[in-house]
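Asker: Just so it is clear, I am handing over data_10.txt, which has compact mmCIF, C-alpha atoms and all ligand atoms.
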# COMPACT_ATOMS: atom_id res chain seq x y z
CA MET A 1 -10.55 -65.89 -30.48
CA GLY A 2 -11.94 -62.51 -29.34
CA GLU A 3 -15.03 -61.17 -31.03
CA SER A 4 -13.02 -58.39 -32.68
CA ALA A 5 -10.85 -60.98 -34.40
CA MET A 6 -13.87 -62.82 -35.86
CA SER A 7 -14.92 -62.21 -39.41
CA LYS A 8 -18.27 -60.50 -39.98
CA SER A 9 -20.09 -63.75 -40.74
CA GLU A 10 -18.93 -65.31 -37.45
CA ARG A 11 -20.16 -62.47 -35.26
CA PRO A 12 -23.15 -63.32 -33.08
CA VAL A 13 -26.45 -62.17 -34.58
CA ARG A 14 -27.56 -58.82 -33.13
CA VAL A 15 -30.50 -57.15 -34.88
CA LEU A 16 -31.66 -53.61 -34.17
CA GLY A 17 -35.36 -53.08 -34.96
CA LEU A 18 -36.98 -49.66 -35.33
CA GLU A 19 -40.69 -48.86 -35.44
CA ALA A 20 -42.21 -45.44 -36.25
CA SER A 21 -45.20 -46.18 -38.48
CA CYS A 22 -47.92 -44.65 -36.29
CA ASP A 23 -47.73 -42.96 -32.89
CA GLU A 24 -45.24 -45.15 -31.05
CA THR A 25 -41.50 -44.64 -31.43
CA ALA A 26 -39.78 -47.92 -30.59
CA ALA A 27 -36.39 -49.62 -30.73
CA ALA A 28 -35.27 -53.13 -29.75
CA VAL A 29 -32.25 -55.41 -30.05
CA LEU A 30 -32.70 -59.17 -30.44
CA ASP A 31 -30.16 -61.94 -30.80
CA GLY A 32 -30.38 -64.79 -33.31
CA GLN A 33 -32.55 -66.91 -30.99
CA GLY A 34 -35.05 -64.12 -30.52
CA ARG A 35 -33.85 -63.23 -27.04
CA ILE A 36 -34.85 -59.64 -26.30
CA MET A 37 -31.58 -57.97 -25.26
CA ALA A 38 -33.22 -54.55 -24.77
CA GLU A 39 -36.33 -52.72 -25.91
CA ALA A 40 -38.16 -49.44 -25.39
CA VAL A 41 -41.41 -47.86 -26.62
CA LEU A 42 -42.22 -44.15 -26.40
CA SER A 43 -45.91 -43.42 -26.80
CA GLN A 44 -46.96 -40.11 -28.32
CA GLU A 45 -50.45 -40.45 -26.82
CA ALA A 46 -50.11 -37.19 -24.86
CA GLU A 47 -49.12 -35.23 -27.98
CA HIS A 48 -52.20 -36.40 -29.91
CA ALA A 49 -54.82 -36.67 -27.16
CA ARG A 50 -56.03 -33.07 -27.41
CA PHE A 51 -56.76 -33.61 -31.12
CA GLY A 52 -58.72 -36.80 -30.44
CA GLY A 53 -56.59 -38.87 -32.80
CA VAL A 54 -53.15 -39.22 -34.37
CA VAL A 55 -52.00 -36.11 -36.29
CA PRO A 56 -49.53 -37.38 -38.95
CA GLU A 57 -47.33 -34.28 -39.07
CA ILE A 58 -46.96 -34.15 -35.28
CA ALA A 59 -46.20 -37.88 -35.25
CA ALA A 60 -43.44 -37.57 -37.87
CA ARG A 61 -41.72 -34.70 -36.06
CA ALA A 62 -41.94 -36.50 -32.72
CA HIS A 63 -40.38 -39.66 -34.25
CA LEU A 64 -37.58 -37.54 -35.70
CA ALA A 65 -36.90 -35.96 -32.33
CA ALA A 66 -37.10 -39.21 -30.33
CA LEU A 67 -35.60 -41.98 -32.45
CA PRO A 68 -31.83 -41.29 -32.31
CA GLY A 69 -31.82 -40.97 -28.50
CA LEU A 70 -34.10 -43.98 -28.07
CA ALA A 71 -31.96 -46.21 -30.31
CA ALA A 72 -28.82 -45.14 -28.43
CA ARG A 73 -30.46 -45.89 -25.06
CA VAL A 74 -31.63 -49.33 -26.17
CA LEU A 75 -28.18 -50.25 -27.51
CA ASP A 76 -26.67 -49.03 -24.26
CA LYS A 77 -29.09 -51.16 -22.22
CA ALA A 78 -28.12 -54.17 -24.34
CA GLY A 79 -24.44 -53.42 -23.66
CA LEU A 80 -23.78 -52.94 -27.37
CA GLY A 81 -22.54 -50.28 -29.75
CA TYR A 82 -23.59 -49.74 -33.36
CA GLY A 83 -20.44 -51.65 -34.34
CA ASP A 84 -21.78 -54.84 -32.71
CA LEU A 85 -24.92 -54.99 -34.87
CA THR A 86 -25.11 -57.57 -37.65
CA ALA A 87 -28.36 -56.30 -39.23
CA VAL A 88 -30.83 -53.44 -38.88
CA ALA A 89 -34.56 -53.52 -39.56
CA GLY A 90 -37.04 -50.67 -39.92
CA THR A 91 -40.78 -50.62 -40.49
CA ALA A 92 -41.23 -49.58 -44.13
CA GLY A 93 -45.04 -49.80 -44.30
CA PRO A 94 -47.97 -49.78 -44.06
CA GLY A 95 -48.48 -46.65 -41.98
CA LEU A 96 -48.09 -42.88 -41.93
CA ILE A 97 -45.54 -41.89 -44.55
CA GLY A 98 -43.72 -39.30 -42.41
CA GLY A 99 -42.94 -41.78 -39.65
CA LEU A 100 -42.08 -44.53 -42.14
CA ILE A 101 -39.52 -42.24 -43.77
CA VAL A 102 -38.02 -41.38 -40.37
CA GLY A 103 -37.82 -45.00 -39.14
CA SER A 104 -36.66 -46.72 -42.29
CA GLY A 105 -34.36 -43.80 -43.20
CA PHE A 106 -32.66 -44.04 -39.80
CA ALA A 107 -32.28 -47.81 -40.27
CA LYS A 108 -30.71 -47.28 -43.69
CA GLY A 109 -28.29 -44.76 -42.20
CA VAL A 110 -27.14 -47.36 -39.65
CA ALA A 111 -26.81 -49.95 -42.43
CA ILE A 112 -24.67 -47.62 -44.54
CA ALA A 113 -22.51 -46.48 -41.64
CA ARG A 114 -21.80 -50.03 -40.39
CA GLY A 115 -21.89 -51.91 -43.71
CA ILE A 116 -24.60 -54.31 -42.46
CA PRO A 117 -27.80 -55.61 -44.13
CA PHE A 118 -31.00 -53.54 -44.00
CA PHE A 119 -34.42 -55.18 -43.72
CA ALA A 120 -37.51 -53.19 -44.79
CA ILE A 121 -40.14 -54.83 -42.60
CA ASN A 122 -43.86 -54.86 -43.24
CA HIS A 123 -45.50 -53.81 -39.94
CA LEU A 124 -48.24 -56.43 -40.37
CA GLU A 125 -45.62 -59.16 -40.80
CA GLY A 126 -44.19 -58.01 -37.47
CA HIS A 127 -47.56 -58.49 -35.76
CA ALA A 128 -48.07 -61.79 -37.59
CA LEU A 129 -44.82 -63.39 -36.35
CA THR A 130 -44.51 -62.00 -32.78
CA ALA A 131 -46.17 -64.99 -31.10
CA ARG A 132 -43.36 -67.20 -32.49
CA ILE A 133 -40.64 -65.52 -30.40
CA PRO A 134 -39.30 -68.41 -28.27
CA GLY A 135 -40.35 -68.34 -24.63
CA LEU A 136 -42.90 -65.56 -25.05
CA LEU A 137 -46.05 -67.58 -24.39
CA ASP A 138 -46.71 -69.95 -21.50
CA GLN A 139 -47.15 -72.66 -24.13
CA PRO A 140 -45.17 -73.63 -27.24
CA PRO A 141 -45.10 -70.98 -30.00
CA PRO A 142 -47.54 -71.58 -32.84
CA ALA A 143 -46.30 -73.62 -35.78
CA PHE A 144 -47.31 -72.63 -39.31
CA PRO A 145 -49.99 -72.39 -40.51
CA TYR A 146 -52.10 -70.35 -38.12
CA LEU A 147 -54.80 -67.70 -38.22
CA LEU A 148 -53.91 -64.15 -37.19
CA LEU A 149 -56.58 -61.71 -36.04
CA LEU A 150 -55.09 -58.25 -36.13
CA LEU A 151 -57.35 -55.98 -34.08
CA SER A 152 -55.92 -52.51 -33.54
CA GLY A 153 -56.71 -48.86 -34.02
CA GLY A 154 -55.39 -49.02 -37.57
CA HIS A 155 -56.05 -52.60 -38.64
CA CYS A 156 -58.87 -55.11 -38.59
CA GLN A 157 -57.93 -58.22 -40.54
CA CYS A 158 -58.04 -62.02 -40.61
CA VAL A 159 -54.76 -63.29 -42.06
CA ALA A 160 -53.68 -66.83 -42.96
CA VAL A 161 -50.05 -67.07 -41.82
CA GLU A 162 -48.57 -69.93 -43.84
CA GLY A 163 -44.85 -69.27 -43.36
CA VAL A 164 -42.33 -66.44 -43.16
CA GLY A 165 -43.33 -64.05 -45.93
CA ARG A 166 -46.34 -66.19 -46.82
CA TYR A 167 -49.56 -64.46 -45.84
CA ARG A 168 -53.07 -64.38 -47.28
CA ARG A 169 -55.61 -61.87 -46.13
CA LEU A 170 -58.89 -63.73 -45.62
CA GLY A 171 -60.96 -60.73 -44.57
CA THR A 172 -60.71 -57.08 -43.66
CA THR A 173 -62.86 -54.17 -42.59
CA LEU A 174 -65.14 -52.47 -45.07
CA ASP A 175 -64.98 -49.23 -43.06
CA ASP A 176 -63.32 -48.59 -39.67
CA ALA A 177 -60.77 -50.65 -37.76
CA VAL A 178 -62.25 -52.20 -34.62
CA GLY A 179 -60.09 -50.05 -32.30
CA GLU A 180 -61.33 -46.98 -34.17
CA ALA A 181 -64.91 -48.13 -33.56
CA PHE A 182 -64.13 -48.47 -29.83
CA ASP A 183 -62.55 -45.01 -29.83
CA LYS A 184 -65.49 -43.39 -31.65
CA ALA A 185 -68.11 -45.07 -29.46
CA ALA A 186 -66.11 -44.00 -26.39
CA LYS A 187 -66.01 -40.41 -27.62
CA MET A 188 -69.80 -40.40 -28.04
CA LEU A 189 -70.03 -41.55 -24.44
CA GLY A 190 -67.86 -38.64 -23.34
CA LEU A 191 -64.72 -40.69 -22.64
CA PRO A 192 -61.15 -39.49 -23.37
CA TRP A 193 -59.06 -40.72 -26.35
CA PRO A 194 -57.98 -43.44 -26.91
CA GLY A 195 -61.27 -44.66 -25.58
CA GLY A 196 -61.05 -48.48 -25.79
CA PRO A 197 -59.77 -49.11 -22.26
CA HIS A 198 -62.10 -46.43 -20.79
CA LEU A 199 -65.07 -47.99 -22.56
CA GLU A 200 -64.16 -51.42 -21.18
CA ARG A 201 -64.07 -50.02 -17.64
CA LEU A 202 -67.44 -48.28 -18.13
CA ALA A 203 -68.95 -51.44 -19.65
CA ALA A 204 -68.00 -53.37 -16.51
CA GLN A 205 -70.56 -51.21 -14.59
CA GLY A 206 -73.30 -51.79 -17.17
CA ASP A 207 -75.73 -54.47 -18.31
CA ALA A 208 -75.24 -55.64 -21.91
CA SER A 209 -78.85 -56.86 -22.18
CA VAL A 210 -80.42 -53.43 -21.66
CA VAL A 211 -79.39 -51.75 -24.92
CA ALA A 212 -79.68 -54.03 -27.96
CA LEU A 213 -77.32 -52.92 -30.70
CA PRO A 214 -76.81 -54.29 -34.23
CA ARG A 215 -74.15 -56.94 -34.92
CA PRO A 216 -72.93 -56.03 -38.42
CA LEU A 217 -72.20 -58.92 -40.85
CA LEU A 218 -72.91 -61.54 -38.13
CA GLY A 219 -73.48 -64.89 -39.84
CA ARG A 220 -72.61 -63.44 -43.24
CA GLN A 221 -70.32 -65.41 -45.57
CA GLY A 222 -66.59 -64.71 -45.38
CA CYS A 223 -64.77 -62.91 -42.59
CA ASP A 224 -64.95 -59.23 -43.47
CA PHE A 225 -65.90 -56.67 -40.83
CA SER A 226 -68.02 -53.53 -40.78
CA TRP A 227 -68.50 -51.24 -37.81
CA SER A 228 -70.25 -48.16 -39.23
CA GLY A 229 -73.81 -49.42 -38.59
CA LEU A 230 -72.98 -50.21 -34.98
CA LYS A 231 -71.36 -46.80 -34.56
CA THR A 232 -74.43 -45.05 -35.96
CA ALA A 233 -76.69 -47.05 -33.63
CA VAL A 234 -74.59 -45.94 -30.64
CA ALA A 235 -74.83 -42.30 -31.80
CA GLN A 236 -78.63 -42.60 -32.10
CA ARG A 237 -78.99 -44.20 -28.67
CA VAL A 238 -76.82 -41.52 -27.07
CA ALA A 239 -78.84 -38.79 -28.82
CA LYS A 240 -82.11 -40.33 -27.62
CA GLY A 241 -80.91 -39.89 -24.05
CA ASP A 242 -82.98 -42.77 -22.61
CA ALA A 243 -80.17 -45.17 -21.70
CA ARG A 244 -77.36 -45.15 -19.16
CA ALA A 245 -73.88 -44.68 -20.66
CA GLU A 246 -72.62 -47.82 -18.91
CA ASP A 247 -75.40 -49.94 -20.47
CA ILE A 248 -74.66 -48.53 -23.93
CA ALA A 249 -70.95 -49.29 -23.40
CA ALA A 250 -71.75 -52.85 -22.29
CA GLY A 251 -74.12 -53.35 -25.24
CA PHE A 252 -71.50 -52.03 -27.66
CA GLN A 253 -68.75 -54.24 -26.28
CA ALA A 254 -70.98 -57.31 -26.35
CA ALA A 255 -71.91 -56.61 -29.99
CA VAL A 256 -68.24 -56.21 -30.98
CA ALA A 257 -67.20 -59.39 -29.15
CA ALA A 258 -70.03 -61.40 -30.76
CA VAL A 259 -69.15 -60.15 -34.24
CA LEU A 260 -65.43 -60.83 -33.77
CA ALA A 261 -66.13 -64.37 -32.56
CA ASP A 262 -68.43 -64.99 -35.54
CA ARG A 263 -65.86 -63.63 -38.00
CA ALA A 264 -63.10 -65.74 -36.37
CA ALA A 265 -65.28 -68.86 -36.69
CA HIS A 266 -65.82 -68.10 -40.37
CA ALA A 267 -62.10 -67.46 -40.89
CA LEU A 268 -61.29 -70.84 -39.31
CA ALA A 269 -63.81 -72.52 -41.60
CA MET A 270 -62.10 -70.85 -44.58
CA PHE A 271 -58.70 -71.93 -43.30
CA PRO A 272 -59.14 -75.41 -41.76
CA ALA A 273 -55.38 -76.07 -41.68
CA ALA A 274 -54.91 -73.41 -38.97
CA THR A 275 -53.28 -74.85 -35.84
CA ALA A 276 -54.08 -71.83 -33.64
CA VAL A 277 -55.75 -68.44 -33.52
CA VAL A 278 -53.21 -65.71 -32.72
CA VAL A 279 -54.59 -62.35 -31.63
CA ALA A 280 -52.64 -59.08 -31.87
CA GLY A 281 -53.36 -55.35 -31.65
CA GLY A 282 -54.53 -53.13 -28.81
CA VAL A 283 -58.11 -54.49 -28.86
CA ALA A 284 -56.67 -57.88 -27.83
CA ALA A 285 -56.41 -56.28 -24.37
CA ASN A 286 -60.20 -56.33 -24.05
CA GLY A 287 -61.39 -59.09 -21.71
CA ALA A 288 -64.77 -59.64 -23.38
CA VAL A 289 -63.13 -59.82 -26.82
CA ARG A 290 -60.50 -62.29 -25.63
CA ALA A 291 -63.09 -64.52 -23.97
CA ALA A 292 -65.30 -64.56 -27.07
CA LEU A 293 -62.37 -65.37 -29.36
CA ALA A 294 -61.10 -68.09 -27.03
CA ARG A 295 -64.56 -69.71 -27.19
CA ALA A 296 -64.62 -69.49 -30.99
CA ALA A 297 -61.15 -71.08 -31.21
CA ALA A 298 -62.03 -73.82 -28.70
CA ALA A 299 -65.17 -74.67 -30.69
CA ARG A 300 -62.84 -75.63 -33.57
CA GLY A 301 -60.40 -77.42 -31.29
CA VAL A 302 -57.52 -74.94 -31.59
CA PRO A 303 -55.94 -72.70 -28.93
CA MET A 304 -56.20 -68.92 -28.90
CA LEU A 305 -52.81 -67.36 -28.28
CA ALA A 306 -52.03 -63.74 -27.53
CA PRO A 307 -48.55 -62.31 -26.98
CA PRO A 308 -48.14 -60.29 -23.77
CA LEU A 309 -49.95 -57.00 -24.19
CA ARG A 310 -46.85 -54.86 -24.60
CA LEU A 311 -45.95 -56.98 -27.64
CA CYS A 312 -49.56 -57.08 -28.94
CA THR A 313 -49.48 -53.32 -29.42
CA ASP A 314 -46.95 -51.50 -31.59
CA ASN A 315 -43.34 -52.21 -30.64
CA ALA A 316 -39.92 -52.74 -32.23
CA VAL A 317 -39.31 -56.24 -30.88
CA MET A 318 -41.67 -57.53 -33.58
CA ILE A 319 -39.73 -55.65 -36.27
CA ALA A 320 -36.36 -57.04 -35.18
CA TRP A 321 -37.92 -60.52 -34.83
CA ALA A 322 -39.35 -60.41 -38.37
CA ALA A 323 -35.79 -59.74 -39.59
CA VAL A 324 -34.45 -62.66 -37.50
CA GLU A 325 -37.14 -64.93 -38.99
CA ARG A 326 -36.20 -63.69 -42.48
CA LEU A 327 -32.51 -64.38 -41.81
CA HIS A 328 -33.30 -67.91 -40.59
CA ALA A 329 -35.56 -68.54 -43.59
CA GLY A 330 -32.68 -67.52 -45.89
CA LEU A 331 -34.59 -64.57 -47.30
CA PRO A 332 -32.49 -61.73 -48.73
CA ALA A 333 -32.02 -58.32 -47.13
CA ASP A 334 -33.55 -55.30 -48.84
CA SER A 335 -32.04 -52.69 -51.09
CA LEU A 336 -31.20 -49.30 -49.61
CA GLY A 337 -33.37 -47.97 -52.42
CA HIS A 338 -36.46 -49.59 -50.89
CA ALA A 339 -39.15 -46.89 -50.75
CA PRO A 340 -41.47 -46.82 -47.70
CA ARG A 341 -45.06 -47.75 -48.56
CA PRO A 342 -48.08 -46.21 -46.76
CA ARG A 343 -50.16 -49.04 -48.32
CA TRP A 344 -48.44 -52.40 -48.41
CA PRO A 345 -50.73 -55.45 -48.56
CA LEU A 346 -49.17 -58.55 -47.01
CA GLU A 347 -49.73 -60.64 -50.14
CA GLU A 348 -47.21 -58.49 -51.96
CA LEU A 349 -44.41 -59.96 -49.84
CA LEU A 350 -44.97 -63.24 -51.70
CA SER A 351 -43.56 -61.82 -54.91
CA GLY A 352 -40.08 -61.85 -53.34
CA LEU A 353 -40.27 -65.57 -52.48
CA ALA A 354 -39.61 -68.74 -54.44
CA PRO A 355 -42.77 -70.82 -55.09
CA ILE A 356 -43.32 -73.71 -52.62
O1 LIG A 401 -52.34 -51.77 -31.43
P1 LIG A 401 -52.61 -50.43 -30.88
O2 LIG A 401 -51.94 -50.03 -29.59
O3 LIG A 401 -52.21 -49.29 -31.87
C1 LIG A 401 -52.56 -49.27 -33.22
O4 LIG A 401 -53.70 -48.92 -33.52
O5 LIG A 401 -51.67 -49.59 -34.02
O6 LIG A 401 -54.19 -50.32 -30.71
C2 LIG A 401 -54.78 -49.20 -30.17
C3 LIG A 401 -56.27 -49.41 -30.18
C4 LIG A 401 -57.03 -48.16 -29.78
O7 LIG A 401 -58.08 -47.98 -30.69
C5 LIG A 401 -57.51 -48.50 -28.38
O8 LIG A 401 -58.70 -47.83 -28.01
C6 LIG A 401 -57.73 -49.99 -28.50
O9 LIG A 401 -56.64 -50.44 -29.27
N1 LIG A 401 -57.75 -50.62 -27.17
C7 LIG A 401 -58.82 -51.22 -26.63
C8 LIG A 401 -58.45 -51.65 -25.34
N2 LIG A 401 -57.14 -51.29 -25.14
C9 LIG A 401 -56.73 -50.67 -26.28
N3 LIG A 401 -60.06 -51.45 -27.12
C10 LIG A 401 -60.93 -52.09 -26.33
N4 LIG A 401 -60.65 -52.51 -25.08
C11 LIG A 401 -59.44 -52.31 -24.54
N5 LIG A 401 -59.17 -52.72 -23.29
ZN ZN A 402 -49.72 -52.20 -35.28
Translate the structure of the given file into structure tokens.
Ligand code: KG4
Ligand code: ZN

Answerer:
Amino acid sequence: MGESAMSKSERPVRVLGLEASCDETAAAVLDGQGRIMAEAVLSQEAEHARFGGVVPEIAARAHLAALPGLAARVLDKAGLGYGDLTAVAGTAGPGLIGGLIVGSGFAKGVAIARGIPFFAINHLEGHALTARIPGLLDQPPPAFPYLLLLLSGGHCQCVAVEGVGRYRRLGTTLDDAVGEAFDKAAKMLGLPWPGGPHLERLAAQGDASVVALPRPLLGRQGCDFSWSGLKTAVAQRVAKGDARAEDIAAGFQAAVAAVLADRAAHALAMFPAATAVVVAGGVAANGAVRAALARAAAARGVPMLAPPLRLCTDNAVMIAWAAVERLHAGLPADSLGHAPRPRWPLEELLSGLAPI
């Protein structure tokens, strides 16, 4: 029987995922086993760089301009047409409202046009489940439950991942996200935006023991984060003018890595059932951070796992995969009336689930 003669329910699973919640426009198609049939990410970094950060209005317009062409290219690469899709997923929060409206609105349009289910995906759920895509890691994917450390320019959280749709935030930042702290420290040191990778390169030339910087909340109960005191200390040291930029960078990076490792250790103590520590977000690219977190995980006898970098940062594979996980878990699709949510705590996904 040819595919065209099959009924809708017999068609092979093909999920289009769309991501436009911040400054990356992304599309991906996955099959029911999580095989990535095609994917693409367009970064808007160049559009925002001269403003030293993401400008929401520019981001929304750029998503609007880029998404239709990007989705068409990704489908083409996968050898599919819109008619072959069995579901469509769009990031519906948290994030910048303009981009969320563009991404999830486009996904709803596809759902209406093709009569297929629409999934309104929580961006954080996407990050939380990425490491489970079969074949992604050089070891078996993590089984539930595991600890997620989400360390990006927009997020800084410890999350207990207990199942699909079942997440508990154990700790979060009281001020900036850790990537933001990297970017601000880098700016003070005269580096271009986004400064994290530049700061890491500068730190490699420096000596972390020369400039002692505070380690906010180190040893404190719980696993919240705070970076403002460290940021202020960097500003003061730069203003004083008595230290080399590379030593300040190295001192800053060492302080961040030590705090993250301490917070991860506390999170594991709060969540002893965790079978692994999964790291996601752009800051997971940082070698010193990764090494410190790997040590903290090993001290509790669990592995630290990080998806390949391109899937650690914002992408649409994770959005399509979250929909595949939801389909497999028997969770329902979302209403076309689902409104995008700039704030959307992960715990609120639980309300749609049956109690265990
Ligand atoms: O996950 P991501 O690409 O985007 C979101 O914020 O959603 O993370 C970007 C952040 C930026 O703040 C960037 O400076 C930081 O990750 N980053 C790094 C490194 N690479 C990216 N921070 C420290 N060291 C790095 N190597
Ligand atoms: Zn993200």

Asker: Pick out the closest residue to Leu327 of chain A from this set: A:Asp175, A:Asp224, A:Asp31, A:Asp23. Count only C-alpha atoms.

Answerer: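 Closest to Leu327 of chain A of all the choices is A:Asp31.
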
Asker: Need to verify the contact set: segment 203-206 of chain A, 12 Å, all atoms listed in the file, exclusion of same-chain residues closer than 4 positions in sequence. Can you return it as a VMD selection string?

Answerer: chain A and resid 182 185 to 186 189 191 195 to 199 210 to 211 243 to 255 286 to 288

Asker: Would you export the selected residues with C-alpha atoms as a short mmCIF file (atom, residue, chain, number, x, y, z; two decimals), in the frame of the given file, please?

Answerer:
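Saved file selection_8.cif follows:
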data_model
loop_
_atom_site.label_atom_id
_atom_site.label_comp_id
_atom_site.auth_asym_id
_atom_site.auth_seq_id
_atom_site.Cartn_x
_atom_site.Cartn_y
_atom_site.Cartn_z
CA PHE A 182 -64.13 -48.47 -29.83
CA ALA A 185 -68.11 -45.07 -29.46
CA ALA A 186 -66.11 -44.00 -26.39
CA LEU A 189 -70.03 -41.55 -24.44
CA LEU A 191 -64.72 -40.69 -22.64
CA GLY A 195 -61.27 -44.66 -25.58
CA GLY A 196 -61.05 -48.48 -25.79
CA PRO A 197 -59.77 -49.11 -22.26
CA HIS A 198 -62.10 -46.43 -20.79
CA LEU A 199 -65.07 -47.99 -22.56
CA VAL A 210 -80.42 -53.43 -21.66
CA VAL A 211 -79.39 -51.75 -24.92
CA ALA A 243 -80.17 -45.17 -21.70
CA ARG A 244 -77.36 -45.15 -19.16
CA ALA A 245 -73.88 -44.68 -20.66
CA GLU A 246 -72.62 -47.82 -18.91
CA ASP A 247 -75.40 -49.94 -20.47
CA ILE A 248 -74.66 -48.53 -23.93
CA ALA A 249 -70.95 -49.29 -23.40
CA ALA A 250 -71.75 -52.85 -22.29
CA GLY A 251 -74.12 -53.35 -25.24
CA PHE A 252 -71.50 -52.03 -27.66
CA GLN A 253 -68.75 -54.24 -26.28
CA ALA A 254 -70.98 -57.31 -26.35
CA ALA A 255 -71.91 -56.61 -29.99
CA ASN A 286 -60.20 -56.33 -24.05
CA GLY A 287 -61.39 -59.09 -21.71
CA ALA A 288 -64.77 -59.64 -23.38
#

Asker: Skipping near chain neighbours, those fewer than 6 positions away, what residues fall within 12 Å of Ile112 of chain A using only C-alpha atoms, listed as an mmCIF file with C-alpha atoms, in the frame of the given file?

Answerer:
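Dumped everything to around.cif:
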data_model
loop_
_atom_site.group_PDB
_atom_site.id
_atom_site.type_symbol
_atom_site.label_atom_id
_atom_site.label_comp_id
_atom_site.auth_asym_id
_atom_site.auth_seq_id
_atom_site.Cartn_x
_atom_site.Cartn_y
_atom_site.Cartn_z
ATOM 1 C CA TYR A 82 -23.590 -49.740 -33.360
ATOM 2 C CA GLY A 83 -20.440 -51.650 -34.340
ATOM 3 C CA ALA A 87 -28.360 -56.300 -39.230
ATOM 4 C CA VAL A 88 -30.830 -53.440 -38.880
ATOM 5 C CA GLY A 105 -34.360 -43.800 -43.200
ATOM 6 C CA PHE A 106 -32.660 -44.040 -39.800
ATOM 7 C CA PHE A 118 -31.000 -53.540 -44.000
ATOM 8 C CA SER A 335 -32.040 -52.690 -51.090
ATOM 9 C CA LEU A 336 -31.200 -49.300 -49.610
ATOM 10 C CA GLY A 337 -33.370 -47.970 -52.420
#

Asker: Quote the spacing between atom CA of Leu151 of chain A and atom CA of Ala284 of chain A in Å to one decimal place.

Answerer: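 Computing it gives 6.6 Å between the two atoms.
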
Asker: Could you tell me how far atom CA of Lys108 of chain A sits from atom CA of Ala38 of chain A, in Å to one decimal place?

Answerer: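 Interatomic distance here is 20.4 Å.
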
Asker: Within 8 Å of (-58.7, -69.8, -47.6), all atoms listed in the file: residues as a ChimeraX atom specification?

Answerer: /A:160,168,170,267,270-271

Asker: Using only C-alpha atoms and all ligand atoms, find each residue with an atom at most 6 Å away from ligand LIG 401 (chain A) and format the answer as number ranges by chain.

Answerer: A: 152-154, 179-180, 182-183, 194-197, 200, 281-283, 285-286, 313-314

Asker: Between atom CA of Ala261 of chain A and atom CA of Lys231 of chain A, what is the distance in Å, rounded to a tenth?

Answerer: 18.4 Å

Asker: Which one is closest to ligand ZN 402 (chain A): A:Val15, A:Leu350, A:Leu311, A:Ala296? Count all atoms listed in the file.

Answerer: A:Leu311

Asker: List every protein, DNA or RNA residue that has at least one atom no more than 10 Å from (-39.9, -65.5, -25.2) in the file's coordinates, counting all atoms listed in the file, and write the result as a ChimeraX atom specification.

Answerer: /A:33-36,130-138,140-141,307-308

Asker: So that I can check the surroundings of Ala322 of chain A, please list as an MDAnalysis selection string every protein, DNA and RNA residue that reaches within 8 Å of it, counting only C-alpha atoms and ignoring chain neighbours fewer than 6 positions away.

Answerer: chainID A and resid 121 125:126 129:130

Asker: Please determine, counting all atoms listed in the file, which residue among A:Trp193, A:Phe51, A:Tyr146, A:Phe119 has the shortest atom-to-atom distance to Leu305 of chain A.

Answerer: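 Of A:Trp193, A:Phe51, A:Tyr146, A:Phe119, the one nearest Leu305 of chain A, counting all atoms listed in the file, is A:Tyr146.
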
Asker: Just the residues within 6 Å of Ala20 of chain A, please, counting only C-alpha atoms, with nothing from its chain fewer than 4 positions along; format it as a VMD selection string.

Answerer: chain A and resid 25 99 to 100 103

Asker: So that I can see what lies close to Arg263 of chain A, please list as a PyMOL selection string the residues with an atom at most 9 Å from it, counting only C-alpha atoms and leaving out residues fewer than 5 positions away in the same chain.

Answerer: chain A and resi 158+171+217-225+258+268

Asker: From the list A:Ala257, A:Ala212, A:Leu150, A:Ile97, which residue is nearest Val55 of chain A when using only C-alpha atoms?

Answerer: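 Between A:Ala257, A:Ala212, A:Leu150, A:Ile97, the residue approaching Val55 of chain A most closely is A:Ile97.
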